[in-house]
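*Asks:* Take a look at upload-v2.csv, CSV, C-alpha atoms:
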chain,number,residue,atom,x,y,z
A,1,MET,CA,-119.5,-120.0,122.7
A,2,GLN,CA,-119.1,-117.7,119.8
A,3,VAL,CA,-117.5,-114.3,120.5
A,4,ASP,CA,-115.8,-111.5,118.6
A,5,LYS,CA,-112.3,-110.3,119.1
A,6,GLY,CA,-112.3,-106.8,120.7
A,7,ARG,CA,-109.3,-104.6,121.6
A,8,THR,CA,-105.8,-106.0,121.8
A,9,PHE,CA,-103.4,-104.8,124.5
A,10,ILE,CA,-99.6,-105.3,124.1
A,11,GLY,CA,-96.9,-104.2,126.5
A,12,ARG,CA,-94.6,-105.2,129.3
A,13,PHE,CA,-95.2,-106.0,132.9
A,14,GLN,CA,-93.2,-104.4,135.7
A,15,PHE,CA,-90.0,-105.8,137.2
A,16,LYS,CA,-90.8,-108.0,140.3
A,17,ALA,CA,-94.5,-108.0,139.6
A,18,ASP,CA,-96.7,-111.2,139.7
A,19,ILE,CA,-97.9,-112.4,136.3
A,20,LEU,CA,-101.5,-113.3,137.3
A,21,LEU,CA,-102.0,-110.0,139.1
A,22,SER,CA,-100.4,-108.1,136.2
A,23,ILE,CA,-102.8,-109.6,133.7
A,24,ALA,CA,-105.8,-109.0,136.0
A,25,GLU,CA,-104.7,-105.4,136.5
A,26,VAL,CA,-104.8,-104.7,132.7
A,27,CYS,CA,-108.2,-106.3,132.4
A,28,GLU,CA,-109.7,-104.4,135.4
A,29,LYS,CA,-108.3,-101.1,134.2
A,30,GLU,CA,-109.7,-101.7,130.7
A,31,ASN,CA,-113.0,-103.2,131.8
A,32,ILE,CA,-112.3,-106.6,130.1
A,33,ARG,CA,-114.4,-109.5,131.2
A,34,LEU,CA,-113.3,-112.2,128.8
A,35,ALA,CA,-109.9,-112.5,127.1
A,36,THR,CA,-107.1,-114.8,126.0
A,37,PHE,CA,-103.4,-113.9,126.4
A,38,THR,CA,-99.8,-114.9,125.8
A,39,VAL,CA,-96.7,-113.9,127.7
A,40,ILE,CA,-93.0,-114.4,127.1
A,41,GLY,CA,-90.0,-113.2,129.1
A,42,ALA,CA,-88.1,-114.3,132.2
A,43,LEU,CA,-88.8,-114.8,135.8
A,44,ASN,CA,-86.7,-115.1,138.9
A,45,GLY,CA,-89.1,-117.3,140.8
A,46,VAL,CA,-92.3,-119.2,140.2
A,47,LYS,CA,-94.7,-121.8,141.8
A,48,LEU,CA,-96.3,-124.4,139.6
A,49,GLY,CA,-99.4,-126.4,140.4
A,50,TYR,CA,-100.4,-129.9,139.5
A,51,TYR,CA,-104.0,-130.9,139.9
A,52,ASN,CA,-104.3,-134.3,141.6
A,53,GLN,CA,-107.1,-135.8,139.6
A,54,ASP,CA,-107.9,-138.4,142.2
A,55,ALA,CA,-107.8,-136.2,145.3
A,56,LYS,CA,-109.4,-133.3,143.3
A,57,LYS,CA,-107.0,-130.8,144.7
A,58,TYR,CA,-103.9,-128.9,143.7
A,59,ILE,CA,-101.9,-130.8,146.3
A,60,ASP,CA,-98.7,-131.2,144.3
A,61,CYS,CA,-96.7,-128.0,143.7
A,62,VAL,CA,-93.2,-127.2,142.7
A,63,SER,CA,-91.5,-124.0,143.7
A,64,LEU,CA,-88.6,-122.9,141.6
A,65,ASP,CA,-86.5,-120.1,143.1
A,66,LYS,CA,-84.2,-119.5,140.2
A,67,LYS,CA,-83.9,-117.6,137.0
A,68,LEU,CA,-86.0,-119.0,134.2
A,69,GLU,CA,-87.0,-118.1,130.7
A,70,ILE,CA,-90.7,-118.2,130.1
A,71,THR,CA,-90.9,-120.3,126.9
A,72,SER,CA,-94.6,-120.1,126.7
A,73,CYS,CA,-97.5,-118.8,128.9
A,74,THR,CA,-101.0,-118.9,127.6
A,75,GLY,CA,-104.4,-118.7,129.1
A,76,ASN,CA,-107.7,-117.0,129.5
A,77,VAL,CA,-109.5,-114.4,131.7
A,78,SER,CA,-113.1,-115.1,132.6
A,79,LEU,CA,-115.4,-114.7,135.7
A,80,LYS,CA,-115.6,-116.7,139.0
A,81,ASP,CA,-118.0,-115.5,141.7
A,82,SER,CA,-118.5,-112.4,139.5
A,83,LYS,CA,-114.8,-111.5,139.8
A,84,LEU,CA,-112.0,-111.7,137.1
A,85,PHE,CA,-110.3,-115.0,137.2
A,86,VAL,CA,-107.0,-115.5,135.3
A,87,HIS,CA,-106.2,-119.1,134.3
A,88,ALA,CA,-102.6,-119.5,133.0
A,89,HIS,CA,-100.4,-122.4,132.1
A,90,ILE,CA,-96.7,-121.9,131.7
A,91,THR,CA,-93.5,-123.6,130.4
A,92,LEU,CA,-90.1,-122.4,131.6
A,93,ALA,CA,-86.5,-123.2,130.8
A,94,ASP,CA,-83.4,-123.0,133.0
A,95,HIS,CA,-79.9,-122.0,131.8
A,96,GLU,CA,-79.2,-125.5,130.6
A,97,GLY,CA,-82.3,-125.6,128.5
A,98,ARG,CA,-84.3,-128.0,130.8
A,99,CYS,CA,-88.0,-127.3,130.8
A,100,PHE,CA,-90.4,-127.1,133.7
A,101,GLY,CA,-94.1,-126.4,133.5
A,102,GLY,CA,-97.6,-126.5,135.0
A,103,HIS,CA,-100.5,-124.5,136.2
A,104,LEU,CA,-99.2,-121.0,137.1
A,105,MET,CA,-99.8,-120.3,140.8
A,106,PRO,CA,-99.7,-116.8,142.5
A,107,ASP,CA,-96.5,-115.2,143.6
A,108,SER,CA,-94.3,-115.4,140.4
A,109,SER,CA,-91.6,-112.8,140.2
A,110,ILE,CA,-91.1,-111.1,136.8
A,111,PHE,CA,-87.7,-110.2,135.6
A,112,ALA,CA,-89.1,-109.0,132.2
A,113,ALA,CA,-92.3,-110.1,130.6
A,114,GLU,CA,-94.1,-109.0,127.4
A,115,TYR,CA,-97.8,-109.7,127.0
A,116,SER,CA,-100.5,-109.6,124.4
A,117,ILE,CA,-104.1,-109.7,125.7
A,118,THR,CA,-107.0,-110.0,123.3
A,119,GLU,CA,-110.4,-108.9,124.6
A,120,LEU,CA,-113.4,-111.1,123.6
A,121,LEU,CA,-116.8,-109.5,123.2
A,122,GLY,CA,-120.4,-110.8,122.9
A,123,GLY,CA,-120.5,-113.2,125.8
A,124,GLU,CA,-119.4,-114.0,129.3
A,125,LEU,CA,-118.0,-117.2,130.8
A,126,HIS,CA,-118.6,-118.0,134.5
A,127,ARG,CA,-116.6,-120.6,136.4
A,128,LYS,CA,-118.7,-122.9,138.6
A,129,PRO,CA,-117.9,-126.1,140.5
A,130,ASP,CA,-117.8,-129.1,138.3
A,131,PRO,CA,-118.6,-132.3,140.3
A,132,GLU,CA,-116.9,-134.7,137.8
A,133,THR,CA,-113.4,-133.0,138.0
A,134,GLY,CA,-113.7,-131.0,141.2
A,135,LEU,CA,-112.5,-127.9,139.2
A,136,SER,CA,-114.2,-124.6,138.6
A,137,LEU,CA,-115.1,-124.8,135.0
A,138,TRP,CA,-117.3,-123.0,132.4
B,1,MET,CA,-101.3,-116.2,102.5
B,2,GLN,CA,-103.2,-113.2,103.7
B,3,VAL,CA,-106.5,-113.9,105.5
B,4,ASP,CA,-108.9,-112.1,107.9
B,5,LYS,CA,-109.8,-113.2,111.4
B,6,GLY,CA,-113.4,-114.5,111.5
B,7,ARG,CA,-115.4,-115.7,114.5
B,8,THR,CA,-113.7,-116.9,117.7
B,9,PHE,CA,-115.0,-119.9,119.7
B,10,ILE,CA,-114.1,-120.3,123.3
B,11,GLY,CA,-115.2,-123.1,125.6
B,12,ARG,CA,-114.2,-126.4,127.2
B,13,PHE,CA,-114.0,-129.8,125.8
B,14,GLN,CA,-115.7,-132.8,127.3
B,15,PHE,CA,-114.2,-135.1,130.0
B,16,LYS,CA,-112.5,-138.1,128.4
B,17,ALA,CA,-112.7,-136.7,124.9
B,18,ASP,CA,-109.9,-136.7,122.4
B,19,ILE,CA,-108.3,-133.2,121.7
B,20,LEU,CA,-107.9,-133.6,117.9
B,21,LEU,CA,-111.5,-134.9,117.5
B,22,SER,CA,-112.9,-132.2,119.8
B,23,ILE,CA,-111.3,-129.4,117.8
B,24,ALA,CA,-112.5,-130.9,114.5
B,25,GLU,CA,-116.0,-131.3,115.9
B,26,VAL,CA,-116.3,-127.5,116.7
B,27,CYS,CA,-114.9,-126.7,113.2
B,28,GLU,CA,-117.3,-129.1,111.4
B,29,LYS,CA,-120.3,-127.8,113.4
B,30,GLU,CA,-119.4,-124.2,112.7
B,31,ASN,CA,-118.4,-124.8,109.1
B,32,ILE,CA,-114.8,-123.6,109.7
B,33,ARG,CA,-112.2,-124.5,107.0
B,34,LEU,CA,-109.2,-122.6,108.2
B,35,ALA,CA,-108.3,-121.8,111.8
B,36,THR,CA,-105.7,-121.5,114.5
B,37,PHE,CA,-106.2,-122.6,118.1
B,38,THR,CA,-104.8,-122.9,121.6
B,39,VAL,CA,-105.8,-125.3,124.4
B,40,ILE,CA,-104.8,-125.5,128.1
B,41,GLY,CA,-105.9,-127.9,130.7
B,42,ALA,CA,-105.0,-131.5,131.8
B,43,LEU,CA,-105.0,-134.9,130.3
B,44,ASN,CA,-104.9,-138.4,131.8
B,45,GLY,CA,-103.2,-139.9,128.8
B,46,VAL,CA,-101.6,-138.8,125.5
B,47,LYS,CA,-99.5,-140.1,122.6
B,48,LEU,CA,-96.8,-137.9,121.2
B,49,GLY,CA,-95.2,-138.3,117.7
B,50,TYR,CA,-91.8,-137.5,116.5
B,51,TYR,CA,-91.1,-137.3,112.8
B,52,ASN,CA,-88.1,-139.2,111.8
B,53,GLN,CA,-86.6,-136.8,109.2
B,54,ASP,CA,-84.4,-139.5,107.6
B,55,ALA,CA,-87.0,-142.2,107.4
B,56,LYS,CA,-89.7,-139.6,106.6
B,57,LYS,CA,-92.2,-141.3,108.9
B,58,TYR,CA,-93.6,-140.8,112.4
B,59,ILE,CA,-91.8,-143.9,113.6
B,60,ASP,CA,-90.9,-142.6,117.0
B,61,CYS,CA,-93.8,-142.3,119.4
B,62,VAL,CA,-94.1,-141.8,123.2
B,63,SER,CA,-97.2,-142.9,125.0
B,64,LEU,CA,-97.8,-141.3,128.4
B,65,ASP,CA,-100.5,-143.0,130.5
B,66,LYS,CA,-100.4,-140.6,133.4
B,67,LYS,CA,-102.0,-137.4,134.6
B,68,LEU,CA,-100.4,-134.4,132.9
B,69,GLU,CA,-101.0,-130.6,132.8
B,70,ILE,CA,-101.2,-129.2,129.2
B,71,THR,CA,-98.7,-126.3,129.5
B,72,SER,CA,-99.3,-125.4,125.8
B,73,CYS,CA,-101.1,-126.8,122.8
B,74,THR,CA,-101.2,-124.7,119.6
B,75,GLY,CA,-101.9,-125.5,116.0
B,76,ASN,CA,-104.0,-125.0,113.0
B,77,VAL,CA,-106.9,-126.5,111.1
B,78,SER,CA,-106.8,-126.7,107.3
B,79,LEU,CA,-107.8,-129.2,104.5
B,80,LYS,CA,-106.2,-132.5,103.4
B,81,ASP,CA,-108.0,-134.5,100.7
B,82,SER,CA,-110.8,-132.0,101.1
B,83,LYS,CA,-111.4,-132.9,104.7
B,84,LEU,CA,-110.6,-131.0,107.9
B,85,PHE,CA,-107.2,-131.7,109.2
B,86,VAL,CA,-106.1,-130.7,112.7
B,87,HIS,CA,-102.4,-130.2,113.3
B,88,ALA,CA,-101.4,-129.7,116.9
B,89,HIS,CA,-98.2,-129.6,118.9
B,90,ILE,CA,-98.3,-130.0,122.7
B,91,THR,CA,-96.2,-129.5,125.8
B,92,LEU,CA,-97.1,-131.3,129.0
B,93,ALA,CA,-95.9,-131.3,132.6
B,94,ASP,CA,-96.1,-134.1,135.2
B,95,HIS,CA,-96.5,-133.6,139.0
B,96,GLU,CA,-92.8,-133.0,139.4
B,97,GLY,CA,-92.8,-130.2,136.8
B,98,ARG,CA,-91.0,-132.3,134.1
B,99,CYS,CA,-92.0,-131.4,130.6
B,100,PHE,CA,-92.8,-133.7,127.7
B,101,GLY,CA,-93.9,-132.7,124.2
B,102,GLY,CA,-94.3,-133.4,120.6
B,103,HIS,CA,-96.7,-133.7,117.7
B,104,LEU,CA,-100.1,-134.5,119.2
B,105,MET,CA,-101.3,-137.9,118.0
B,106,PRO,CA,-104.9,-139.3,118.2
B,107,ASP,CA,-106.4,-140.9,121.3
B,108,SER,CA,-105.5,-138.3,124.0
B,109,SER,CA,-107.9,-138.4,127.0
B,110,ILE,CA,-109.0,-135.0,128.3
B,111,PHE,CA,-109.4,-134.5,132.0
B,112,ALA,CA,-110.3,-130.8,131.5
B,113,ALA,CA,-109.4,-128.6,128.6
B,114,GLU,CA,-110.2,-125.0,127.6
B,115,TYR,CA,-109.9,-123.9,124.0
B,116,SER,CA,-109.9,-120.8,121.9
B,117,ILE,CA,-110.4,-121.4,118.1
B,118,THR,CA,-110.0,-118.4,115.7
B,119,GLU,CA,-111.6,-118.8,112.3
B,120,LEU,CA,-109.6,-117.4,109.4
B,121,LEU,CA,-111.5,-116.2,106.3
B,122,GLY,CA,-110.6,-115.3,102.7
B,123,GLY,CA,-108.5,-118.3,101.7
B,124,GLU,CA,-108.1,-122.1,102.0
B,125,LEU,CA,-104.9,-124.1,102.6
B,126,HIS,CA,-104.7,-127.7,101.3
B,127,ARG,CA,-102.1,-130.2,102.5
B,128,LYS,CA,-100.3,-132.1,99.7
B,129,PRO,CA,-97.4,-134.5,99.8
B,130,ASP,CA,-94.1,-132.6,99.9
B,131,PRO,CA,-91.2,-134.7,98.4
B,132,GLU,CA,-88.5,-132.8,100.3
B,133,THR,CA,-89.8,-133.6,103.8
B,134,GLY,CA,-92.2,-136.5,103.2
B,135,LEU,CA,-94.8,-134.5,105.1
B,136,SER,CA,-98.2,-133.2,103.9
B,137,LEU,CA,-97.6,-129.5,103.7
B,138,TRP,CA,-99.4,-126.4,102.3
C,1,MET,CA,-100.8,-100.0,124.6
C,2,GLN,CA,-104.2,-100.5,122.9
C,3,VAL,CA,-104.0,-101.6,119.3
C,4,ASP,CA,-106.2,-103.3,116.7
C,5,LYS,CA,-105.7,-106.5,115.0
C,6,GLY,CA,-104.8,-106.0,111.3
C,7,ARG,CA,-104.2,-108.7,108.6
C,8,THR,CA,-103.3,-112.3,109.5
C,9,PHE,CA,-100.7,-114.2,107.5
C,10,ILE,CA,-100.6,-118.0,107.6
C,11,GLY,CA,-98.3,-120.3,105.7
C,12,ARG,CA,-95.1,-122.3,105.9
C,13,PHE,CA,-91.5,-121.3,106.0
C,14,GLN,CA,-88.9,-122.8,103.6
C,15,PHE,CA,-86.8,-125.9,104.3
C,16,LYS,CA,-83.4,-125.0,106.0
C,17,ALA,CA,-84.4,-121.4,106.6
C,18,ASP,CA,-83.9,-119.5,109.9
C,19,ILE,CA,-87.1,-118.9,111.9
C,20,LEU,CA,-86.2,-115.3,113.0
C,21,LEU,CA,-85.2,-114.3,109.5
C,22,SER,CA,-88.3,-116.0,108.0
C,23,ILE,CA,-90.7,-114.0,110.3
C,24,ALA,CA,-88.9,-110.8,109.6
C,25,GLU,CA,-89.1,-111.4,105.8
C,26,VAL,CA,-92.9,-111.8,105.9
C,27,CYS,CA,-93.1,-108.6,108.0
C,28,GLU,CA,-90.8,-106.6,105.7
C,29,LYS,CA,-92.6,-107.7,102.6
C,30,GLU,CA,-96.0,-106.9,104.0
C,31,ASN,CA,-94.9,-103.6,105.7
C,32,ILE,CA,-95.8,-104.9,109.2
C,33,ARG,CA,-94.2,-103.0,112.1
C,34,LEU,CA,-96.0,-104.6,115.1
C,35,ALA,CA,-97.2,-108.2,115.3
C,36,THR,CA,-97.5,-111.3,117.3
C,37,PHE,CA,-96.9,-114.8,116.0
C,38,THR,CA,-96.9,-118.5,116.6
C,39,VAL,CA,-95.0,-121.3,114.9
C,40,ILE,CA,-95.1,-125.1,115.1
C,41,GLY,CA,-93.1,-127.6,113.1
C,42,ALA,CA,-89.7,-129.3,113.3
C,43,LEU,CA,-86.1,-128.1,113.2
C,44,ASN,CA,-82.8,-129.9,112.6
C,45,GLY,CA,-80.8,-127.5,114.7
C,46,VAL,CA,-81.3,-124.6,117.1
C,47,LYS,CA,-79.5,-122.3,119.5
C,48,LEU,CA,-81.2,-121.3,122.7
C,49,GLY,CA,-80.3,-118.3,124.8
C,50,TYR,CA,-80.6,-117.7,128.6
C,51,TYR,CA,-80.2,-114.2,129.9
C,52,ASN,CA,-77.9,-114.1,132.9
C,53,GLN,CA,-79.9,-111.7,135.1
C,54,ASP,CA,-76.8,-110.9,137.2
C,55,ALA,CA,-74.3,-110.3,134.4
C,56,LYS,CA,-77.0,-108.7,132.3
C,57,LYS,CA,-75.9,-110.7,129.2
C,58,TYR,CA,-77.0,-113.7,127.2
C,59,ILE,CA,-73.9,-115.6,128.3
C,60,ASP,CA,-75.5,-119.0,128.7
C,61,CYS,CA,-76.4,-120.7,125.4
C,62,VAL,CA,-77.3,-124.2,124.4
C,63,SER,CA,-76.8,-125.4,120.9
C,64,LEU,CA,-78.8,-128.4,119.9
C,65,ASP,CA,-77.7,-130.1,116.6
C,66,LYS,CA,-80.4,-132.6,116.4
C,67,LYS,CA,-83.9,-133.2,115.1
C,68,LEU,CA,-86.5,-131.6,117.3
C,69,GLU,CA,-90.3,-130.9,117.2
C,70,ILE,CA,-91.2,-127.3,117.9
C,71,THR,CA,-93.9,-127.8,120.6
C,72,SER,CA,-94.4,-124.0,120.8
C,73,CYS,CA,-92.9,-120.9,119.5
C,74,THR,CA,-94.5,-117.5,120.3
C,75,GLY,CA,-93.4,-113.9,120.3
C,76,ASN,CA,-93.7,-110.5,118.9
C,77,VAL,CA,-92.3,-108.2,116.2
C,78,SER,CA,-91.6,-104.5,117.1
C,79,LEU,CA,-88.9,-101.9,116.4
C,80,LYS,CA,-85.3,-101.5,117.7
C,81,ASP,CA,-83.2,-98.7,116.3
C,82,SER,CA,-86.0,-98.1,113.7
C,83,LYS,CA,-85.6,-101.7,112.3
C,84,LEU,CA,-87.8,-104.7,112.7
C,85,PHE,CA,-86.9,-106.8,115.7
C,86,VAL,CA,-88.3,-110.3,116.2
C,87,HIS,CA,-88.4,-111.6,119.8
C,88,ALA,CA,-89.3,-115.3,120.0
C,89,HIS,CA,-89.3,-117.9,122.8
C,90,ILE,CA,-89.4,-121.6,121.9
C,91,THR,CA,-90.1,-125.0,123.4
C,92,LEU,CA,-88.8,-128.2,121.6
C,93,ALA,CA,-89.0,-131.9,122.1
C,94,ASP,CA,-86.7,-134.7,121.0
C,95,HIS,CA,-87.7,-138.2,119.9
C,96,GLU,CA,-88.0,-139.4,123.5
C,97,GLY,CA,-90.4,-136.5,124.4
C,98,ARG,CA,-87.8,-134.6,126.4
C,99,CYS,CA,-88.3,-130.8,126.2
C,100,PHE,CA,-85.8,-128.0,125.8
C,101,GLY,CA,-86.5,-124.4,125.6
C,102,GLY,CA,-85.3,-120.8,125.8
C,103,HIS,CA,-84.9,-117.5,124.0
C,104,LEU,CA,-84.6,-118.3,120.3
C,105,MET,CA,-81.2,-117.3,118.9
C,106,PRO,CA,-80.3,-116.8,115.2
C,107,ASP,CA,-79.3,-119.7,113.0
C,108,SER,CA,-82.1,-122.2,113.6
C,109,SER,CA,-82.5,-124.6,110.7
C,110,ILE,CA,-86.1,-125.4,109.7
C,111,PHE,CA,-87.2,-128.8,108.6
C,112,ALA,CA,-90.9,-127.8,108.3
C,113,ALA,CA,-92.6,-124.9,110.1
C,114,GLU,CA,-96.1,-123.4,109.9
C,115,TYR,CA,-96.7,-119.9,111.1
C,116,SER,CA,-99.5,-117.5,111.9
C,117,ILE,CA,-98.5,-113.8,112.1
C,118,THR,CA,-101.1,-111.2,113.3
C,119,GLU,CA,-100.5,-107.6,112.4
C,120,LEU,CA,-101.2,-105.0,115.0
C,121,LEU,CA,-102.3,-101.6,114.0
C,122,GLY,CA,-102.7,-98.2,115.7
C,123,GLY,CA,-99.3,-98.0,117.5
C,124,GLU,CA,-95.6,-98.7,117.5
C,125,LEU,CA,-93.4,-100.2,120.1
C,126,HIS,CA,-89.7,-99.2,120.2
C,127,ARG,CA,-87.1,-101.2,122.2
C,128,LYS,CA,-84.7,-99.1,124.2
C,129,PRO,CA,-82.1,-100.0,126.8
C,130,ASP,CA,-83.6,-100.7,130.2
C,131,PRO,CA,-81.1,-100.0,133.0
C,132,GLU,CA,-82.8,-102.2,135.5
C,133,THR,CA,-82.6,-105.4,133.5
C,134,GLY,CA,-79.9,-104.5,130.9
C,135,LEU,CA,-82.4,-105.7,128.2
C,136,SER,CA,-83.9,-103.7,125.3
C,137,LEU,CA,-87.5,-103.3,126.3
C,138,TRP,CA,-90.5,-101.3,125.3
Translate the structure of the given file into structure tokens.
*Replies:*
Amino acid sequence: MQVDKGRTFIGRFQFKADILLSIAEVCEKENIRLATFTVIGALNGVKLGYYNQDAKKYIDCVSLDKKLEITSCTGNVSLKDSKLFVHAHITLADHEGRCFGGHLMPDSSIFAAEYSITELLGGELHRKPDPETGLSLW
Amino acid sequence: MQVDKGRTFIGRFQFKADILLSIAEVCEKENIRLATFTVIGALNGVKLGYYNQDAKKYIDCVSLDKKLEITSCTGNVSLKDSKLFVHAHITLADHEGRCFGGHLMPDSSIFAAEYSITELLGGELHRKPDPETGLSLW
Amino acid sequence: MQVDKGRTFIGRFQFKADILLSIAEVCEKENIRLATFTVIGALNGVKLGYYNQDAKKYIDCVSLDKKLEITSCTGNVSLKDSKLFVHAHITLADHEGRCFGGHLMPDSSIFAAEYSITELLGGELHRKPDPETGLSLW
């Protein structure tokens, strides 16, 4: 789908906040319905999801209750059941440089995080159940 | 080189498609000659390349024939021998959170993948052999 | 903070240059005071920082003196003490696909690196000491 870039929002999220909720909050406040974003920073806890392609469920999850740098976090904001839905994937590193990553689940805990959110105008994307994968896709 | 952002294309690639070919297909259809992009999603197979800086060849490659989340995939589209050339680097995570990454080679197999491609206008970049590195660079 | 996207600069950095200095150089030359960027490519040496959230210092660092692919490098450019400050996080992969990552420290050595820098207009962000985290934040 062809769209145009709208406003950009850049800033930092609050200490101890959740990344997914923080992104949704900016989008709700600014009336954004379609966007892409990037985040860098550090967390002191995160839960990562892995989609089991055979079982068609996020049944494999890894909880990391330690201090981690966010080496990349990218994703998009679109609509699911007419509500904002934030889809983010994240890569993290511990103090020895080892990386961990996956689908970002709720309940991350921000130590410090800087975001850039780019609004997209001229179209909407709605997530609907996709029989082939079992996921909610555009 | 200074350029301007043109159109943005956001959507999802087809099940079992190849990432590099899928990006090129959007660009060819839309007559894009310079772009940047990001992709998130999941694969069920990928080949990663490592450039051997001494031998000046991609002689080291890792094939992963398993289900992986794409935790980041970024790159650019430019021209090589007057044809579209997609250059992508990728980070992946398995179901235990372990990360793998490298230069994305052909023949990846998409499970689900969401892309954002930003067209750049006002200039072209052509890849040519660079003696110092042995790579095709702008 | 709401801003507008300005000019985009795309190109490659010089062989053996430092990533952080190379980004700052483009921004200084082009009079950019706020920006986001992405870089992909390869290095032949890098130092990664980990912020110790308890000690409030970057006391844990990992130096990698080997050839690595940059699988992602994202960040922003803003102001600190009225000077340009480049904040970048990076993920790397070695020839066996293993990933390393963290806060990008000075003295990386580029083998080949392609960048995209997006200028942001209509506002400035200044880093100031943040008592809660000990970091310099907006």
*Asks:* Identify every residue of chain B that has at least one atom within 9 Å of any atom of chain C, counting all atoms listed in the file, and report the result as a ChimeraX atom specification.
*Replies:* /B:1-5,36,48-53,60-62,72-76,88-91,98-103,120,125,132-133,135,137-138
*Asks:* Hey, can you spit out that residue selection with C-alpha atoms as a JSON list (two decimals), in the frame of the given file?
*Replies:*
[["chain", "number", "residue", "atom", "x", "y", "z"],
["B", 1, "MET", "CA", -101.30, -116.20, 102.50],
["B", 2, "GLN", "CA", -103.20, -113.20, 103.70],
["B", 3, "VAL", "CA", -106.50, -113.90, 105.50],
["B", 4, "ASP", "CA", -108.90, -112.10, 107.90],
["B", 5, "LYS", "CA", -109.80, -113.20, 111.40],
["B", 36, "THR", "CA", -105.70, -121.50, 114.50],
["B", 48, "LEU", "CA", -96.80, -137.90, 121.20],
["B", 49, "GLY", "CA", -95.20, -138.30, 117.70],
["B", 50, "TYR", "CA", -91.80, -137.50, 116.50],
["B", 51, "TYR", "CA", -91.10, -137.30, 112.80],
["B", 52, "ASN", "CA", -88.10, -139.20, 111.80],
["B", 53, "GLN", "CA", -86.60, -136.80, 109.20],
["B", 60, "ASP", "CA", -90.90, -142.60, 117.00],
["B", 61, "CYS", "CA", -93.80, -142.30, 119.40],
["B", 62, "VAL", "CA", -94.10, -141.80, 123.20],
["B", 72, "SER", "CA", -99.30, -125.40, 125.80],
["B", 73, "CYS", "CA", -101.10, -126.80, 122.80],
["B", 74, "THR", "CA", -101.20, -124.70, 119.60],
["B", 75, "GLY", "CA", -101.90, -125.50, 116.00],
["B", 76, "ASN", "CA", -104.00, -125.00, 113.00],
["B", 88, "ALA", "CA", -101.40, -129.70, 116.90],
["B", 89, "HIS", "CA", -98.20, -129.60, 118.90],
["B", 90, "ILE", "CA", -98.30, -130.00, 122.70],
["B", 91, "THR", "CA", -96.20, -129.50, 125.80],
["B", 98, "ARG", "CA", -91.00, -132.30, 134.10],
["B", 99, "CYS", "CA", -92.00, -131.40, 130.60],
["B", 100, "PHE", "CA", -92.80, -133.70, 127.70],
["B", 101, "GLY", "CA", -93.90, -132.70, 124.20],
["B", 102, "GLY", "CA", -94.30, -133.40, 120.60],
["B", 103, "HIS", "CA", -96.70, -133.70, 117.70],
["B", 120, "LEU", "CA", -109.60, -117.40, 109.40],
["B", 125, "LEU", "CA", -104.90, -124.10, 102.60],
["B", 132, "GLU", "CA", -88.50, -132.80, 100.30],
["B", 133, "THR", "CA", -89.80, -133.60, 103.80],
["B", 135, "LEU", "CA", -94.80, -134.50, 105.10],
["B", 137, "LEU", "CA", -97.60, -129.50, 103.70],
["B", 138, "TRP", "CA", -99.40, -126.40, 102.30]]
*Asks:* Excluding Ile32 (chain B) and its own-chain neighbours fewer than 4 positions away, which residues fall within 9 Å of it when counting all atoms listed in the file? Please give them as a PDB file with C-alpha atoms, in the coordinates of the input.
*Replies:*
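Listed below is the output, part_13.pdb:
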ATOM      1  CA  VAL B  26    -116.300-127.500 116.700  1.00  0.00           C
ATOM      2  CA  CYS B  27    -114.900-126.700 113.200  1.00  0.00           C
ATOM      3  CA  GLU B  28    -117.300-129.100 111.400  1.00  0.00           C
ATOM      4  CA  VAL B  77    -106.900-126.500 111.100  1.00  0.00           C
ATOM      5  CA  SER B  78    -106.800-126.700 107.300  1.00  0.00           C
ATOM      6  CA  LEU B  84    -110.600-131.000 107.900  1.00  0.00           C
ATOM      7  CA  GLU B 119    -111.600-118.800 112.300  1.00  0.00           C
ATOM      8  CA  LEU B 120    -109.600-117.400 109.400  1.00  0.00           C
ATOM      9  CA  LEU B 121    -111.500-116.200 106.300  1.00  0.00           C
TER      10      LEU B 121
END
*Asks:* Please, what distance in Å, to one decimal, runs between CA of Lys83 (chain C) and CA of Lys47 (chain C)?
*Replies:* 22.7 Å
*Asks:* So how far away is CA of Lys66 (chain B) from CA of Asp107 (chain A), in Å?
*Replies:*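 Between CA of Asp107 (chain A) and CA of Lys66 (chain B) the gap is 27.6 Å.
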*Asks:* Show me the residues close to (-80.2, -127.6, 118.9) - anything with an atom within 7 Å, counting only C-alpha atoms - and format the list as number ranges by chain.
*Replies:* C: 45-47, 63-66
*Asks:* So which one's closest to Gln14 (chain A), A:Lys57, A:Phe37, A:Phe85, A:Ile110? Using only C-alpha atoms, please.
*Replies:*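 Closest to Gln14 (chain A) of all the choices is A:Ile110.
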*Asks:* Kindly give the distance, in Å, that separates CA of Ala17 (chain A) and CA of Ser109 (chain A), rounded to a single decimal.
*Replies:*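 Distance reported for this atom pair: 5.6 Å.
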*Asks:* Go through B:Met105, B:Ile19, B:Ile59, B:Leu79 and flag the residue nearest Leu34 (chain B), using all atoms listed in the file for the distances.
*Replies:*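 So, comparing all the options, the nearest one is B:Leu79.
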*Asks:* Can you work out which one of C:Leu21, C:Ser108, C:Lys80, C:His87 has the shortest atom-to-atom distance to Pro129 (chain C), counting only C-alpha atoms?
*Replies:*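 Checking each candidate against Pro129 (chain C), we get C:Lys80 as the closest.
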